[in-house]
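**Q** Please find one structure pasted underneath; my questions will follow.
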Amino acid sequence: LIKGEKIYLRPLTMKDVNKEYLSWLDDKENSRYTLTVLKSTMTSLKNYVYKKIRNPNIFFFAIIDIQSKTHVGNIKLEKINWQKKTANFGRLIGHKDFKGKGYGTEAVKLILKFSFKTLKLREVHAGCIKSNIGAVKSNKKNGMKIEIRTKEKELIKNKYYEVVRLGILKKDWKKINKHI
């Protein structure tokens with residue numbers, strides 16, 4: 001359990017795979033910001049989550065609102081390179097009532113703390129479509145810097161999108177989080 005002010009992160013479980021979670025993936029607002037939108041079914045979602053939570057090199061967390069105990073989204077740390085001590089994260093605030101209220105920013109803060117303090121990583125990265133202004137802003141609020149802008153092809157729509165890759169080194173994270 002990784003506790004913040006408004007949210008906590010706990011390991012995602014198969015019990016979290018339900019109709020509401022599935023609806024997040026089919027939501028047009030959510031899917032317009034992801035490059036890997038696939039038409040999800042309950043079976044495909046269960047298979048996806050099962051593979052991720054069984055992999056010892058992936059940390060997949062449910063984002064839970066402390067006050068209401070509502071599962072509002074997920075954040076995942078993966079592509080961990082233990083030799084180089086680097087990883088990438090991705091997140092989704094899926095529940096509409098919790099969007100634009102700082103939950104994504106706090107989830108990033110918590111995953112960075114977990115990455116640097118618990119896992120002892122050296123560097124963490126994230127990527128998002130440039131038009132996902134909220135994700136770019138929340139990553140920057142947590143000290144991440146834009147490293148690369150690229151064009152990437154989306155799997156289903158066969159369109160290219162500008163993607164922003166951000167990163168932060170542990171030493172830079174420590175400078176802005178001296179109290180932690």
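So you can find residues: chains in the structure tokens are A, B, ... in the order shown, residues in each start at 1, and ligands are numbered from 1 in order.
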I want to know what sits within 10 Å of Lys52 of chain A, based on only C-alpha atoms, with residues of the same chain fewer than 5 positions away left out; could you give that as JSON, numbers by chain?

**A** {"A": [12, 46, 47, 57, 58, 59, 60, 76, 78]}

**Q** Could you please take those selected residues and save all heavy atoms as a PDB file, in the first residue's frame?

**A**
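Result written to result_29.pdb:
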ATOM      1  N   LEU A  12      -3.089  -4.142  -8.185  1.00  0.00           N
ATOM      2  CA  LEU A  12      -4.289  -4.469  -8.943  1.00  0.00           C
ATOM      3  C   LEU A  12      -4.515  -5.974  -8.838  1.00  0.00           C
ATOM      4  O   LEU A  12      -3.556  -6.747  -8.848  1.00  0.00           O
ATOM      5  CB  LEU A  12      -4.093  -4.066 -10.410  1.00  0.00           C
ATOM      6  CG  LEU A  12      -5.333  -4.052 -11.287  1.00  0.00           C
ATOM      7  CD1 LEU A  12      -6.211  -2.864 -10.928  1.00  0.00           C
ATOM      8  CD2 LEU A  12      -4.947  -3.976 -12.750  1.00  0.00           C
ATOM      9  N   LYS A  46      -9.155  -9.469 -18.975  1.00  0.00           N
ATOM     10  CA  LYS A  46      -8.716 -10.409 -17.941  1.00  0.00           C
ATOM     11  C   LYS A  46      -7.368 -11.024 -18.299  1.00  0.00           C
ATOM     12  O   LYS A  46      -6.484 -11.136 -17.438  1.00  0.00           O
ATOM     13  CB  LYS A  46      -9.764 -11.504 -17.731  1.00  0.00           C
ATOM     14  CG  LYS A  46     -10.961 -11.049 -16.950  1.00  0.00           C
ATOM     15  CD  LYS A  46     -11.961 -12.171 -16.754  1.00  0.00           C
ATOM     16  CE  LYS A  46     -13.165 -11.682 -15.955  1.00  0.00           C
ATOM     17  NZ  LYS A  46     -14.152 -12.729 -15.727  1.00  0.00           N
ATOM     18  N   ASN A  47      -7.197 -11.403 -19.550  1.00  0.00           N
ATOM     19  CA  ASN A  47      -5.921 -11.990 -19.988  1.00  0.00           C
ATOM     20  C   ASN A  47      -4.786 -10.985 -19.846  1.00  0.00           C
ATOM     21  O   ASN A  47      -3.699 -11.317 -19.378  1.00  0.00           O
ATOM     22  CB  ASN A  47      -6.017 -12.477 -21.436  1.00  0.00           C
ATOM     23  CG  ASN A  47      -6.864 -13.722 -21.576  1.00  0.00           C
ATOM     24  OD1 ASN A  47      -7.045 -14.487 -20.627  1.00  0.00           O
ATOM     25  ND2 ASN A  47      -7.402 -13.934 -22.765  1.00  0.00           N
ATOM     26  N   ASN A  57       8.391  -8.444 -13.002  1.00  0.00           N
ATOM     27  CA  ASN A  57       9.062  -7.212 -13.419  1.00  0.00           C
ATOM     28  C   ASN A  57       8.086  -6.097 -13.762  1.00  0.00           C
ATOM     29  O   ASN A  57       8.472  -5.111 -14.389  1.00  0.00           O
ATOM     30  CB  ASN A  57       9.978  -7.491 -14.607  1.00  0.00           C
ATOM     31  CG  ASN A  57      11.137  -8.370 -14.200  1.00  0.00           C
ATOM     32  OD1 ASN A  57      11.814  -8.091 -13.212  1.00  0.00           O
ATOM     33  ND2 ASN A  57      11.342  -9.438 -14.930  1.00  0.00           N
ATOM     34  N   ILE A  58       6.841  -6.271 -13.357  1.00  0.00           N
ATOM     35  CA  ILE A  58       5.820  -5.248 -13.571  1.00  0.00           C
ATOM     36  C   ILE A  58       5.115  -4.996 -12.242  1.00  0.00           C
ATOM     37  O   ILE A  58       4.761  -5.941 -11.536  1.00  0.00           O
ATOM     38  CB  ILE A  58       4.791  -5.688 -14.640  1.00  0.00           C
ATOM     39  CG1 ILE A  58       5.466  -5.846 -16.002  1.00  0.00           C
ATOM     40  CG2 ILE A  58       3.631  -4.692 -14.714  1.00  0.00           C
ATOM     41  CD1 ILE A  58       4.565  -6.421 -17.081  1.00  0.00           C
ATOM     42  N   PHE A  59       4.933  -3.745 -11.922  1.00  0.00           N
ATOM     43  CA  PHE A  59       4.161  -3.354 -10.740  1.00  0.00           C
ATOM     44  C   PHE A  59       2.919  -2.642 -11.254  1.00  0.00           C
ATOM     45  O   PHE A  59       3.022  -1.558 -11.829  1.00  0.00           O
ATOM     46  CB  PHE A  59       4.982  -2.456  -9.814  1.00  0.00           C
ATOM     47  CG  PHE A  59       6.140  -3.168  -9.196  1.00  0.00           C
ATOM     48  CD1 PHE A  59       7.369  -3.225  -9.834  1.00  0.00           C
ATOM     49  CD2 PHE A  59       5.996  -3.819  -7.986  1.00  0.00           C
ATOM     50  CE1 PHE A  59       8.444  -3.901  -9.279  1.00  0.00           C
ATOM     51  CE2 PHE A  59       7.058  -4.505  -7.417  1.00  0.00           C
ATOM     52  CZ  PHE A  59       8.280  -4.540  -8.067  1.00  0.00           C
ATOM     53  N   PHE A  60       1.767  -3.258 -11.057  1.00  0.00           N
ATOM     54  CA  PHE A  60       0.500  -2.758 -11.597  1.00  0.00           C
ATOM     55  C   PHE A  60      -0.385  -2.425 -10.403  1.00  0.00           C
ATOM     56  O   PHE A  60      -0.734  -3.306  -9.620  1.00  0.00           O
ATOM     57  CB  PHE A  60      -0.132  -3.845 -12.465  1.00  0.00           C
ATOM     58  CG  PHE A  60      -1.101  -3.369 -13.501  1.00  0.00           C
ATOM     59  CD1 PHE A  60      -1.588  -4.268 -14.437  1.00  0.00           C
ATOM     60  CD2 PHE A  60      -1.546  -2.060 -13.581  1.00  0.00           C
ATOM     61  CE1 PHE A  60      -2.487  -3.875 -15.418  1.00  0.00           C
ATOM     62  CE2 PHE A  60      -2.447  -1.654 -14.557  1.00  0.00           C
ATOM     63  CZ  PHE A  60      -2.911  -2.574 -15.478  1.00  0.00           C
ATOM     64  N   LYS A  76       0.940   1.790 -13.830  1.00  0.00           N
ATOM     65  CA  LYS A  76       1.746   0.587 -14.044  1.00  0.00           C
ATOM     66  C   LYS A  76       3.193   0.980 -14.275  1.00  0.00           C
ATOM     67  O   LYS A  76       3.490   1.877 -15.062  1.00  0.00           O
ATOM     68  CB  LYS A  76       1.164  -0.142 -15.256  1.00  0.00           C
ATOM     69  CG  LYS A  76       1.867  -1.343 -15.721  1.00  0.00           C
ATOM     70  CD  LYS A  76       1.109  -2.010 -16.864  1.00  0.00           C
ATOM     71  CE  LYS A  76       0.573  -1.014 -17.837  1.00  0.00           C
ATOM     72  NZ  LYS A  76       0.624  -1.320 -19.214  1.00  0.00           N
ATOM     73  N   GLU A  78       6.602  -0.593 -15.602  1.00  0.00           N
ATOM     74  CA  GLU A  78       7.067  -1.784 -16.316  1.00  0.00           C
ATOM     75  C   GLU A  78       8.262  -1.453 -17.183  1.00  0.00           C
ATOM     76  O   GLU A  78       8.785  -0.354 -17.124  1.00  0.00           O
ATOM     77  CB  GLU A  78       5.948  -2.407 -17.146  1.00  0.00           C
ATOM     78  CG  GLU A  78       5.419  -1.573 -18.265  1.00  0.00           C
ATOM     79  CD  GLU A  78       4.325  -2.290 -19.044  1.00  0.00           C
ATOM     80  OE1 GLU A  78       4.219  -3.527 -18.987  1.00  0.00           O
ATOM     81  OE2 GLU A  78       3.564  -1.597 -19.714  1.00  0.00           O
TER      82      GLU A  78
END

**Q** Could you find all residues in segment 120-151 of chain A that DSSP calls strand (DSSP E) from the backbone, and write them as number ranges by chain?

**A** A: 123-129, 145-151

**Q** Taking into account only C-alpha atoms, which residue in the set A:Ser115, A:Asn18, A:Ser138, A:Ser44 is nearest to Lys174 of chain A?

**A**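 Counting only C-alpha atoms, the residue closest to Lys174 of chain A is A:Ser115.
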
**Q** Using atom CA of Gly94 of chain A and atom CA of Leu110 of chain A as the two end points, give the distance in Å to one decimal.

**A** 17.7 Å

**Q** Ranking A:Ile129, A:Leu121, A:Met144, A:Gly134 by minimum distance to Lys101 of chain A and counting only C-alpha atoms, which one comes first?

**A**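 Ranking A:Ile129, A:Leu121, A:Met144, A:Gly134 by distance to Lys101 of chain A, first place goes to A:Gly134.
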
**Q** Applying 7 Å and only C-alpha atoms, which residues near Thr86 of chain A remain after dropping the ones on its own chain fewer than 5 positions away? List them as a list in words.

**A**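 My reading of the contact set: Ile80, Asn81, Leu121, Arg122, Glu123 and Val124 of chain A.
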
**Q** Atoms to include: N, CA and C atoms. Write the selected residues as a PDB file, in the first residue's frame.

**A**
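This went into again39.pdb:
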ATOM      1  N   ILE A  80      11.002  -2.612 -16.630  1.00  0.00           N
ATOM      2  CA  ILE A  80      12.045  -2.338 -15.644  1.00  0.00           C
ATOM      3  C   ILE A  80      13.333  -3.009 -16.109  1.00  0.00           C
ATOM      4  N   ASN A  81      14.371  -2.224 -16.201  1.00  0.00           N
ATOM      5  CA  ASN A  81      15.691  -2.741 -16.510  1.00  0.00           C
ATOM      6  C   ASN A  81      16.479  -2.700 -15.207  1.00  0.00           C
ATOM      7  N   LEU A 121      15.550   2.632  -8.116  1.00  0.00           N
ATOM      8  CA  LEU A 121      15.836   2.889  -9.524  1.00  0.00           C
ATOM      9  C   LEU A 121      16.622   4.186  -9.668  1.00  0.00           C
ATOM     10  N   ARG A 122      17.253   4.354 -10.803  1.00  0.00           N
ATOM     11  CA  ARG A 122      18.073   5.526 -11.090  1.00  0.00           C
ATOM     12  C   ARG A 122      17.344   6.532 -11.979  1.00  0.00           C
ATOM     13  N   GLU A 123      16.411   6.012 -12.818  1.00  0.00           N
ATOM     14  CA  GLU A 123      15.739   6.877 -13.778  1.00  0.00           C
ATOM     15  C   GLU A 123      14.373   6.284 -14.129  1.00  0.00           C
ATOM     16  N   VAL A 124      13.388   7.168 -14.295  1.00  0.00           N
ATOM     17  CA  VAL A 124      12.033   6.741 -14.649  1.00  0.00           C
ATOM     18  C   VAL A 124      11.547   7.589 -15.822  1.00  0.00           C
TER      19      VAL A 124
END

**Q** Neighbouring residues of Phe98 of chain A were defined as those with any atom within 12 Å, considering only C-alpha atoms; residues of the same chain fewer than 2 positions away were excluded. Please report them as a list in words.

**A**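 What passes the distance filter is Lys6, Ile7, Ile63, Ile64, Asp65, Ser68, Thr70, His71, Val72, Gly73, Leu92, Ile93, Gly94, His95, Lys96, Gly100, Lys101, Gly102, Tyr103, Gly104 and Thr105 of chain A.
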
**Q** Limited to N, CA, C and O atoms, could you put the picked residues into a file as a PDB file, in the first residue's frame?

**A**
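So the final result, stored in result_27.pdb, reads:
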ATOM      1  N   LYS A   6      -4.811  12.136  -1.152  1.00  0.00           N
ATOM      2  CA  LYS A   6      -6.162  11.855  -1.634  1.00  0.00           C
ATOM      3  C   LYS A   6      -6.350  10.418  -2.103  1.00  0.00           C
ATOM      4  O   LYS A   6      -7.472   9.952  -2.206  1.00  0.00           O
ATOM      5  N   ILE A   7      -5.241   9.766  -2.414  1.00  0.00           N
ATOM      6  CA  ILE A   7      -5.315   8.421  -2.974  1.00  0.00           C
ATOM      7  C   ILE A   7      -4.321   7.488  -2.306  1.00  0.00           C
ATOM      8  O   ILE A   7      -3.412   7.939  -1.606  1.00  0.00           O
ATOM      9  N   ILE A  63      -5.484   2.707  -8.469  1.00  0.00           N
ATOM     10  CA  ILE A  63      -5.494   4.021  -7.818  1.00  0.00           C
ATOM     11  C   ILE A  63      -6.843   4.123  -7.110  1.00  0.00           C
ATOM     12  O   ILE A  63      -7.890   4.068  -7.745  1.00  0.00           O
ATOM     13  N   ILE A  64      -6.793   4.268  -5.784  1.00  0.00           N
ATOM     14  CA  ILE A  64      -8.000   4.255  -4.962  1.00  0.00           C
ATOM     15  C   ILE A  64      -8.170   5.600  -4.258  1.00  0.00           C
ATOM     16  O   ILE A  64      -7.240   6.090  -3.607  1.00  0.00           O
ATOM     17  N   ASP A  65      -9.368   6.192  -4.394  1.00  0.00           N
ATOM     18  CA  ASP A  65      -9.700   7.412  -3.667  1.00  0.00           C
ATOM     19  C   ASP A  65      -9.845   7.050  -2.191  1.00  0.00           C
ATOM     20  O   ASP A  65     -10.619   6.144  -1.841  1.00  0.00           O
ATOM     21  N   SER A  68     -13.691   7.824  -0.621  1.00  0.00           N
ATOM     22  CA  SER A  68     -14.826   6.999  -1.061  1.00  0.00           C
ATOM     23  C   SER A  68     -14.473   5.530  -1.275  1.00  0.00           C
ATOM     24  O   SER A  68     -15.362   4.715  -1.495  1.00  0.00           O
ATOM     25  N   THR A  70     -13.160   4.393  -3.865  1.00  0.00           N
ATOM     26  CA  THR A  70     -13.470   4.124  -5.266  1.00  0.00           C
ATOM     27  C   THR A  70     -12.191   3.855  -6.055  1.00  0.00           C
ATOM     28  O   THR A  70     -11.204   4.588  -5.930  1.00  0.00           O
ATOM     29  N   HIS A  71     -12.223   2.839  -6.886  1.00  0.00           N
ATOM     30  CA  HIS A  71     -11.143   2.533  -7.822  1.00  0.00           C
ATOM     31  C   HIS A  71     -11.288   3.517  -8.986  1.00  0.00           C
ATOM     32  O   HIS A  71     -12.232   3.421  -9.756  1.00  0.00           O
ATOM     33  N   VAL A  72     -10.365   4.477  -9.075  1.00  0.00           N
ATOM     34  CA  VAL A  72     -10.513   5.560 -10.040  1.00  0.00           C
ATOM     35  C   VAL A  72      -9.628   5.396 -11.272  1.00  0.00           C
ATOM     36  O   VAL A  72      -9.825   6.076 -12.277  1.00  0.00           O
ATOM     37  N   GLY A  73      -8.646   4.533 -11.202  1.00  0.00           N
ATOM     38  CA  GLY A  73      -7.737   4.338 -12.325  1.00  0.00           C
ATOM     39  C   GLY A  73      -6.627   3.376 -11.964  1.00  0.00           C
ATOM     40  O   GLY A  73      -6.676   2.714 -10.919  1.00  0.00           O
ATOM     41  N   LEU A  92      -3.773   5.667 -16.082  1.00  0.00           N
ATOM     42  CA  LEU A  92      -5.089   5.986 -16.620  1.00  0.00           C
ATOM     43  C   LEU A  92      -5.992   6.347 -15.457  1.00  0.00           C
ATOM     44  O   LEU A  92      -6.152   5.555 -14.524  1.00  0.00           O
ATOM     45  N   ILE A  93      -6.531   7.552 -15.487  1.00  0.00           N
ATOM     46  CA  ILE A  93      -7.627   7.890 -14.576  1.00  0.00           C
ATOM     47  C   ILE A  93      -8.871   7.617 -15.409  1.00  0.00           C
ATOM     48  O   ILE A  93      -9.204   8.372 -16.325  1.00  0.00           O
ATOM     49  N   GLY A  94      -9.523   6.517 -15.131  1.00  0.00           N
ATOM     50  CA  GLY A  94     -10.629   6.063 -15.950  1.00  0.00           C
ATOM     51  C   GLY A  94     -11.989   6.563 -15.505  1.00  0.00           C
ATOM     52  O   GLY A  94     -12.877   6.794 -16.316  1.00  0.00           O
ATOM     53  N   HIS A  95     -12.149   6.722 -14.206  1.00  0.00           N
ATOM     54  CA  HIS A  95     -13.438   7.133 -13.635  1.00  0.00           C
ATOM     55  C   HIS A  95     -13.652   8.614 -13.908  1.00  0.00           C
ATOM     56  O   HIS A  95     -12.885   9.463 -13.444  1.00  0.00           O
ATOM     57  N   LYS A  96     -14.703   8.935 -14.647  1.00  0.00           N
ATOM     58  CA  LYS A  96     -14.951  10.325 -15.088  1.00  0.00           C
ATOM     59  C   LYS A  96     -15.053  11.323 -13.943  1.00  0.00           C
ATOM     60  O   LYS A  96     -14.635  12.461 -14.076  1.00  0.00           O
ATOM     61  N   GLY A 100      -9.204  15.368 -13.882  1.00  0.00           N
ATOM     62  CA  GLY A 100      -8.920  16.793 -13.762  1.00  0.00           C
ATOM     63  C   GLY A 100      -8.919  17.313 -12.342  1.00  0.00           C
ATOM     64  O   GLY A 100      -9.052  18.517 -12.120  1.00  0.00           O
ATOM     65  N   LYS A 101      -8.751  16.424 -11.368  1.00  0.00           N
ATOM     66  CA  LYS A 101      -8.798  16.838  -9.960  1.00  0.00           C
ATOM     67  C   LYS A 101      -7.505  16.512  -9.207  1.00  0.00           C
ATOM     68  O   LYS A 101      -7.488  16.460  -7.993  1.00  0.00           O
ATOM     69  N   GLY A 102      -6.438  16.267  -9.957  1.00  0.00           N
ATOM     70  CA  GLY A 102      -5.140  16.042  -9.324  1.00  0.00           C
ATOM     71  C   GLY A 102      -4.826  14.596  -8.981  1.00  0.00           C
ATOM     72  O   GLY A 102      -3.756  14.314  -8.445  1.00  0.00           O
ATOM     73  N   TYR A 103      -5.703  13.673  -9.316  1.00  0.00           N
ATOM     74  CA  TYR A 103      -5.459  12.269  -8.985  1.00  0.00           C
ATOM     75  C   TYR A 103      -4.300  11.694  -9.798  1.00  0.00           C
ATOM     76  O   TYR A 103      -3.483  10.937  -9.277  1.00  0.00           O
ATOM     77  N   GLY A 104      -4.211  12.069 -11.074  1.00  0.00           N
ATOM     78  CA  GLY A 104      -3.103  11.603 -11.901  1.00  0.00           C
ATOM     79  C   GLY A 104      -1.777  12.152 -11.421  1.00  0.00           C
ATOM     80  O   GLY A 104      -0.779  11.430 -11.359  1.00  0.00           O
ATOM     81  N   THR A 105      -1.767  13.432 -11.043  1.00  0.00           N
ATOM     82  CA  THR A 105      -0.541  14.055 -10.531  1.00  0.00           C
ATOM     83  C   THR A 105      -0.077  13.364  -9.260  1.00  0.00           C
ATOM     84  O   THR A 105       1.108  13.067  -9.094  1.00  0.00           O
TER      85      THR A 105
END

**Q** Could you pull out the residues in segment 54-143 of chain A that DSSP calls alpha helix (DSSP H) from the backbone, as a count of residues only?

**A** 21

**Q** Which is closest to Asn132 of chain A among A:Ile148, A:Gly4, A:Glu29, A:Gln83, if we use only C-alpha atoms?

**A**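 The answer is A:Glu29, which sits nearest to Asn132 of chain A.
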
**Q** For each of A:Ile133, A:Glu147, A:Ala87, A:Leu77, take the minimum atom-to-atom distance to Asn55 of chain A, counting only C-alpha atoms, then give the residue where this is smallest.

**A** A:Leu77

**Q** Would you please work out which residue, of A:Phe61, A:Trp82, A:Leu169, A:Trp24, is nearest to Lys99 of chain A when using only C-alpha atoms?

**A**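 Of the candidates, the smallest distance to Lys99 of chain A is held by A:Trp24.
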
**Q** If we count only C-alpha atoms and set the cut-off at 8 Å, which residues sit around Val17 of chain A, ignoring sequence neighbours fewer than 4 positions away in its own chain? Please answer as a list of chain:residue names.

**A**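 Counting only the stated atoms, we get A:Thr13, A:Tyr21, A:Leu22, A:Met42, A:Leu45, A:Lys46, A:Val49.
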
**Q** Find, counting only C-alpha atoms, the residue in A:Leu25, A:Cys128, A:Val164, A:Val108 that gets nearest to Tyr8 of chain A.

**A**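 Answer, going by the shortest atom-to-atom distance: A:Val108.
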